[in-house]
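Trainee: File follows, coords_37.cif with mmCIF, C-alpha atoms:
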```
data_upload
loop_
_atom_site.label_atom_id
_atom_site.label_comp_id
_atom_site.auth_asym_id
_atom_site.auth_seq_id
_atom_site.Cartn_x
_atom_site.Cartn_y
_atom_site.Cartn_z
CA MET H 1 -33.87 -0.62 1.32
CA ALA H 2 -31.09 1.94 1.19
CA THR H 3 -29.79 2.64 4.69
CA PRO H 4 -27.66 5.72 5.37
CA GLN H 5 -24.65 3.39 5.52
CA THR H 6 -25.24 1.80 2.13
CA THR H 7 -25.94 5.23 0.61
CA PHE H 8 -22.65 6.52 2.03
CA ALA H 9 -20.81 3.46 0.75
CA ASN H 10 -22.33 3.80 -2.71
CA ASP H 11 -21.59 7.54 -2.85
CA LEU H 12 -18.02 6.90 -1.77
CA LYS H 13 -17.49 4.15 -4.32
CA ALA H 14 -18.97 6.33 -7.07
CA ALA H 15 -16.68 9.23 -6.11
CA MET H 16 -13.67 6.92 -6.10
CA ALA H 17 -14.60 5.34 -9.44
CA LYS H 18 -14.83 8.82 -10.96
CA VAL H 19 -11.28 9.68 -9.87
CA ASN H 20 -9.96 6.32 -11.03
CA ASP H 21 -11.62 6.87 -14.42
CA LEU H 22 -10.07 10.36 -14.67
CA PHE H 23 -6.65 8.79 -14.44
CA ASN H 24 -7.41 6.53 -17.39
CA SER H 25 -9.33 8.97 -19.57
CA GLU H 26 -7.43 12.22 -18.95
CA VAL H 27 -3.90 11.43 -17.76
CA ILE H 28 -3.36 8.37 -19.94
CA GLY H 29 -5.96 8.79 -22.70
CA LYS H 30 -5.55 12.51 -23.40
CA ARG H 31 -2.12 12.99 -21.82
CA ASP H 32 -3.62 15.87 -19.88
CA PHE H 33 -1.26 15.94 -16.93
CA SER H 34 -3.10 18.87 -15.32
CA ALA H 35 -5.71 16.25 -14.30
CA ILE H 36 -3.17 15.02 -11.76
CA ASP H 37 -4.44 17.94 -9.61
CA GLN H 38 -7.81 16.20 -9.30
CA ILE H 39 -6.31 12.78 -8.58
CA TYR H 40 -3.46 13.27 -6.07
CA THR H 41 -3.35 15.36 -2.88
CA GLU H 42 -0.75 18.12 -2.85
CA ASP H 43 1.52 16.19 -0.46
CA ALA H 44 0.81 12.74 -1.91
CA ARG H 45 3.49 10.08 -2.19
CA ILE H 46 3.89 7.32 -4.75
CA LEU H 47 6.03 4.20 -4.37
CA PRO H 48 6.65 2.87 -7.90
CA PRO H 49 8.36 -0.48 -8.43
CA GLY H 50 12.03 -0.15 -9.34
CA ALA H 51 12.33 3.49 -8.24
CA PRO H 52 12.53 5.46 -5.00
CA MET H 53 9.47 6.96 -3.33
CA ILE H 54 8.34 10.25 -4.93
CA SER H 55 6.83 12.98 -2.72
CA GLY H 56 4.55 15.85 -3.75
CA ARG H 57 2.09 16.37 -6.58
CA GLU H 58 4.47 18.27 -8.86
CA SER H 59 7.07 15.49 -8.76
CA ILE H 60 4.34 12.88 -9.23
CA ARG H 61 3.09 14.76 -12.29
CA GLY H 62 6.62 14.59 -13.76
CA PHE H 63 6.82 10.87 -13.05
CA TRP H 64 3.59 10.11 -14.95
CA ARG H 65 4.47 12.46 -17.80
CA ASP H 66 7.78 10.67 -18.32
CA LEU H 67 6.27 7.21 -17.99
CA VAL H 68 3.20 7.75 -20.19
CA GLN H 69 5.09 9.58 -22.93
CA GLY H 70 8.26 7.48 -22.71
CA GLY H 71 6.47 4.13 -22.65
CA ASN H 72 3.69 5.22 -25.00
CA VAL H 73 1.08 4.04 -22.52
CA LYS H 74 -2.39 3.75 -24.08
CA SER H 75 -4.72 2.92 -21.22
CA ALA H 76 -4.80 2.01 -17.53
CA ALA H 77 -8.12 0.52 -16.46
CA LEU H 78 -8.38 0.48 -12.65
CA THR H 79 -10.72 -1.84 -10.74
CA SER H 80 -11.38 -1.65 -6.99
CA VAL H 81 -11.02 -5.04 -5.32
CA ASP H 82 -11.78 -3.84 -1.78
CA VAL H 83 -12.63 -0.48 -0.23
CA MET H 84 -12.01 -0.06 3.51
CA PRO H 85 -13.18 3.23 5.06
CA SER H 86 -10.86 4.14 7.95
CA GLY H 87 -11.64 7.34 9.84
CA ASP H 88 -11.13 10.30 7.51
CA GLY H 89 -9.50 8.09 4.91
CA VAL H 90 -10.12 5.01 2.81
CA VAL H 91 -7.76 2.14 2.04
CA GLU H 92 -8.37 0.65 -1.40
CA ILE H 93 -6.96 -2.57 -2.82
CA GLY H 94 -7.20 -2.65 -6.60
CA LYS H 95 -5.92 -4.07 -9.81
CA ALA H 96 -5.14 -2.51 -13.16
CA THR H 97 -4.35 -3.53 -16.68
CA ILE H 98 -1.84 -1.21 -18.34
CA ALA H 99 -1.74 -1.23 -22.13
CA ALA H 100 1.26 0.26 -23.91
CA GLU H 101 2.82 -0.02 -27.33
CA GLY H 102 4.99 -2.90 -26.17
CA GLY H 103 2.08 -4.97 -24.79
CA SER H 104 -0.05 -5.05 -21.69
CA MET H 105 0.64 -5.96 -18.09
CA ASP H 106 -1.30 -6.50 -14.91
CA VAL H 107 -0.54 -4.62 -11.73
CA LYS H 108 -2.06 -4.65 -8.28
CA TYR H 109 -2.07 -1.66 -5.96
CA VAL H 110 -2.98 -0.18 -2.60
CA VAL H 111 -4.11 3.44 -2.44
CA TYR H 112 -4.72 5.40 0.75
CA TRP H 113 -7.36 8.00 -0.05
CA ARG H 114 -7.87 11.30 1.78
CA THR H 115 -10.08 14.28 1.02
CA GLU H 116 -8.60 17.58 -0.13
CA ASN H 117 -11.04 20.51 -0.36
CA GLY H 118 -13.90 18.01 -0.17
CA GLN H 119 -12.62 15.85 -3.02
CA TRP H 120 -11.43 12.28 -2.57
CA LYS H 121 -7.86 11.90 -3.85
CA TRP H 122 -4.94 9.49 -3.77
CA HIS H 123 -2.66 10.31 -0.82
CA VAL H 124 -0.39 7.24 -0.83
CA ASP H 125 -0.14 5.07 -3.95
CA ILE H 126 1.96 1.88 -4.22
CA TRP H 127 1.80 -0.85 -6.82
CA ASN H 128 3.66 -3.86 -8.17
CA HIS H 129 3.37 -6.40 -10.94
CA ALA H 130 1.04 -9.35 -10.58
CA MET S 131 5.84 18.43 27.71
CA ALA S 132 4.08 15.23 26.79
CA THR S 133 0.54 15.91 25.64
CA PRO S 134 -2.04 13.09 25.45
CA GLN S 135 -1.56 13.18 21.68
CA THR S 136 2.20 12.73 21.75
CA THR S 137 1.87 10.00 24.38
CA PHE S 138 -0.61 8.16 22.16
CA ALA S 139 1.67 8.60 19.14
CA ASN S 140 4.70 7.34 21.06
CA ASP S 141 2.79 4.36 22.47
CA LEU S 142 1.50 3.53 18.99
CA LYS S 143 4.94 3.76 17.40
CA ALA S 144 6.42 1.61 20.15
CA ALA S 145 3.70 -1.03 19.66
CA MET S 146 4.28 -1.00 15.91
CA ALA S 147 8.06 -1.21 16.25
CA LYS S 148 7.62 -4.25 18.51
CA VAL S 149 5.57 -6.08 15.84
CA ASN S 150 8.00 -5.08 13.09
CA ASP S 151 10.88 -6.40 15.21
CA LEU S 152 9.02 -9.69 15.79
CA PHE S 153 8.95 -10.24 12.04
CA ASN S 154 12.73 -9.88 11.85
CA SER S 155 13.70 -11.72 15.03
CA GLU S 156 11.14 -14.55 15.07
CA VAL S 157 9.87 -15.19 11.54
CA ILE S 158 13.14 -14.53 9.75
CA GLY S 159 15.76 -14.95 12.49
CA LYS S 160 14.38 -18.08 14.21
CA ARG S 161 12.16 -19.29 11.38
CA ASP S 162 9.35 -19.48 13.93
CA PHE S 163 6.37 -19.16 11.62
CA SER S 164 3.90 -19.37 14.50
CA ALA S 165 4.88 -15.72 15.20
CA ILE S 166 2.88 -14.83 12.08
CA ASP S 167 -0.16 -15.04 14.42
CA GLN S 168 1.12 -11.98 16.30
CA ILE S 169 1.95 -10.03 13.14
CA TYR S 170 -0.96 -10.49 10.70
CA THR S 171 -4.72 -10.29 11.31
CA GLU S 172 -6.65 -13.46 10.58
CA ASP S 173 -8.11 -12.04 7.36
CA ALA S 174 -5.00 -10.09 6.31
CA ARG S 175 -3.95 -9.79 2.70
CA ILE S 176 -0.48 -9.48 1.22
CA LEU S 177 0.37 -8.25 -2.28
CA PRO S 178 3.87 -9.53 -3.07
CA PRO S 179 5.68 -8.38 -6.22
CA GLY S 180 5.55 -10.96 -9.00
CA ALA S 181 2.73 -13.01 -7.46
CA PRO S 182 -1.03 -12.73 -7.01
CA MET S 183 -2.59 -11.31 -3.83
CA ILE S 184 -2.69 -13.82 -0.96
CA SER S 185 -5.62 -13.75 1.49
CA GLY S 186 -5.77 -15.07 5.04
CA ARG S 187 -3.18 -15.67 7.73
CA GLU S 188 -2.70 -19.38 7.04
CA SER S 189 -1.88 -18.77 3.38
CA ILE S 190 0.38 -15.86 4.34
CA ARG S 191 2.24 -18.15 6.75
CA GLY S 192 2.83 -20.57 3.90
CA PHE S 193 4.11 -17.76 1.67
CA TRP S 194 6.70 -16.62 4.21
CA ARG S 195 7.75 -20.17 5.07
CA ASP S 196 8.44 -20.92 1.41
CA LEU S 197 10.21 -17.61 0.80
CA VAL S 198 12.39 -17.60 3.94
CA GLN S 199 13.39 -21.27 3.66
CA GLY S 200 13.66 -21.31 -0.13
CA GLY S 201 15.64 -18.07 -0.39
CA ASN S 202 17.61 -18.67 2.79
CA VAL S 203 16.65 -15.22 4.06
CA LYS S 204 18.78 -14.10 7.00
CA SER S 205 17.23 -10.82 8.15
CA ALA S 206 14.62 -8.21 7.29
CA ALA S 207 15.13 -4.97 9.16
CA LEU S 208 12.01 -2.77 8.87
CA THR S 209 12.04 0.99 9.38
CA SER S 210 8.93 3.19 9.56
CA VAL S 211 9.18 6.20 7.26
CA ASP S 212 5.75 7.64 8.09
CA VAL S 213 2.89 6.61 10.39
CA MET S 214 -0.59 7.99 9.62
CA PRO S 215 -3.33 7.16 12.14
CA SER S 216 -6.67 6.90 10.32
CA GLY S 217 -9.72 6.09 12.42
CA ASP S 218 -9.37 2.59 13.85
CA GLY S 219 -6.37 1.91 11.63
CA VAL S 220 -2.93 3.21 10.81
CA VAL S 221 -1.29 3.55 7.40
CA GLU S 222 2.48 3.06 7.56
CA ILE S 223 5.03 3.78 4.85
CA GLY S 224 8.28 1.96 5.48
CA LYS S 225 11.46 0.57 4.04
CA ALA S 226 13.32 -2.66 4.64
CA THR S 227 16.63 -4.23 3.88
CA ILE S 228 16.35 -7.96 3.21
CA ALA S 229 19.53 -9.99 3.57
CA ALA S 230 19.70 -13.47 2.07
CA GLU S 231 22.40 -15.90 1.05
CA GLY S 232 22.45 -14.40 -2.45
CA GLY S 233 22.92 -10.81 -1.28
CA SER S 234 20.77 -8.03 0.08
CA MET S 235 18.08 -5.86 -1.42
CA ASP S 236 16.07 -2.82 -0.49
CA VAL S 237 12.29 -2.81 -0.51
CA LYS S 238 9.71 -0.18 0.32
CA TYR S 239 6.26 -0.98 1.62
CA VAL S 240 2.86 0.25 2.73
CA VAL S 241 1.10 -1.54 5.59
CA TYR S 242 -2.45 -0.89 6.74
CA TRP S 243 -2.57 -1.74 10.43
CA ARG S 244 -5.68 -2.75 12.38
CA THR S 245 -6.13 -4.06 15.90
CA GLU S 246 -7.12 -7.67 16.55
CA ASN S 247 -7.96 -8.53 20.17
CA GLY S 248 -6.29 -5.28 21.22
CA GLN S 249 -3.04 -5.96 19.36
CA TRP S 250 -1.82 -3.91 16.41
CA LYS S 251 -1.28 -6.14 13.38
CA TRP S 252 -0.69 -5.95 9.64
CA HIS S 253 -4.02 -6.10 7.80
CA VAL S 254 -2.90 -5.17 4.28
CA ASP S 255 0.77 -5.47 3.30
CA ILE S 256 2.20 -4.51 -0.10
CA TRP S 257 5.81 -3.95 -1.10
CA ASN S 258 8.10 -3.56 -4.07
CA HIS S 259 11.78 -3.17 -4.83
CA ALA S 260 13.43 0.20 -4.49
#
```
Please re-express this file's structure in structure tokens.
Mentor:
Amino acid sequence: MATPQTTFANDLKAAMAKVNDLFNSEVIGKRDFSAIDQIYTEDARILPPGAPMISGRESIRGFWRDLVQGGNVKSAALTSVDVMPSGDGVVEIGKATIAAEGGSMDVKYVVYWRTENGQWKWHVDIWNHA
Amino acid sequence: MATPQTTFANDLKAAMAKVNDLFNSEVIGKRDFSAIDQIYTEDARILPPGAPMISGRESIRGFWRDLVQGGNVKSAALTSVDVMPSGDGVVEIGKATIAAEGGSMDVKYVVYWRTENGQWKWHVDIWNHA
């Protein structure tokens, strides 16, 4: 039987999966970098391997534009490994396979999710290679 | 004037700084790997660069023992960059300078803190190179 808790958890996971899929289908697949607005909060921060922390959605958009176009990235399939609701936020552990012209690689990540105007988005995003 | 909020924030930051210092002084400085008990929760997970995720405090202890002894690590000074309380947890963005026999390097990290028996500890710990 669906309890309110399991319904909430399923709704949350579905909302998160939708955002994760947007990253793959729109940002990577279609190179539509305006979709970054639906994925990252305005004051989000990313911590990419081999580069300093980047703060703010506009700078994050530039980072992904450069990386996706420069590396000819083809897809980035994200999979949640664990989802930990924490107050108004959620901490997600996940893994991804990134396919680019030069080959594919596995990464693992932690994303701290917050809501912005009622939408779940990535607020802190850090990853490294598996 | 100290409000209850600022007092809580200061107490929290002091408690976190104490744990971060333990890592440097005990685990790295004295190679006392029993101090891992005071730093990580029992079911903590770490996501080290270049290796798969490691689950559970005993396995994490083994990871640090191998790395500190094998790499002859001398110090790991951790600095909080941002502290975001989130329900029963805290998300911390930080940076560290790791000094070893071969030289020093800068890393940046995200730690998801939870309490275990009333003590703040690292529950999810991921880092990469700057």
Trainee: Separation of atom CA of Asn202 of chain S and atom CA of Lys160 of chain S, in Å?
Mentor: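 Calculated distance between atom CA of Asn202 of chain S and atom CA of Lys160 of chain S is 11.9 Å.
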Trainee: Please return, as a PyMOL selection string, all residues of chain H lying within 6 Å of chain S when only C-alpha atoms are considered.
Mentor: chain H and resi 49-52+86-87+128-130
Trainee: Please write the residues picked by the PyMOL selection byres ((chain H and resi 76) around 8) on this file as a list in words.
Mentor: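 Selected by the PyMOL selection byres ((chain H and resi 76) around 8) in this file: Phe23, Asn24, Ile28, Val73, Lys74, Ser75, Ala77, Leu78, Ala96, Thr97, Ile98 and Ala99 of chain H.
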Trainee: Write the selection just made, keeping C-alpha atoms, as a tab-separated table (two decimals), keeping the file's coordinate frame?
Mentor:
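In the end it all went to out.tsv:
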```tsv
chain	number	residue	atom	x	y	z
H	23	PHE	CA	-6.65	8.79	-14.44
H	24	ASN	CA	-7.41	6.53	-17.39
H	28	ILE	CA	-3.36	8.37	-19.94
H	73	VAL	CA	1.08	4.04	-22.52
H	74	LYS	CA	-2.39	3.75	-24.08
H	75	SER	CA	-4.72	2.92	-21.22
H	77	ALA	CA	-8.12	0.52	-16.46
H	78	LEU	CA	-8.38	0.48	-12.65
H	96	ALA	CA	-5.14	-2.51	-13.16
H	97	THR	CA	-4.35	-3.53	-16.68
H	98	ILE	CA	-1.84	-1.21	-18.34
H	99	ALA	CA	-1.74	-1.23	-22.13
```
Trainee: Determine the nearest neighbour of Leu197 of chain S from the options S:Asn150, S:Ala230, S:Asp236, S:Thr136, counting all atoms listed in the file.
Mentor: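 Answer, going by the shortest atom-to-atom distance: S:Ala230.
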Trainee: Step by step, work through what the PyMOL selection byres ((chain S and resi 190) around 12) selects in the shown file, and finish by giving those residues as JSON, numbers by chain.
Mentor: {"S": [157, 163, 164, 165, 166, 167, 169, 170, 171, 172, 173, 174, 175, 176, 177, 178, 182, 183, 184, 185, 186, 187, 188, 189, 191, 192, 193, 194, 195, 196, 197, 252, 253, 254, 255]}
Trainee: Neighbouring residues of Ala139 of chain S were defined as those with any atom within 10 Å, considering all atoms listed in the file; residues of the same chain fewer than 4 positions away were excluded. Please report them as a list in words.
Mentor: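 Near Ala139 of chain S, the qualifying residues are Thr133, Pro134, Gln135, Lys143, Ala144, Ala145, Val213, Met214 and Pro215 of chain S.
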Trainee: Nearest to Thr79 of chain H: which of H:Phe8, H:Gly94, H:Met16, H:Gly103 is it, counting all atoms listed in the file?
Mentor: H:Gly94
Trainee: From the options H:Lys121, H:Glu101, H:Ser80, H:Thr115, which residue's atoms come nearest to Gln38 of chain H, counting all atoms listed in the file?
Mentor: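 Looking at the shortest contact to Gln38 of chain H, the residue is H:Lys121.
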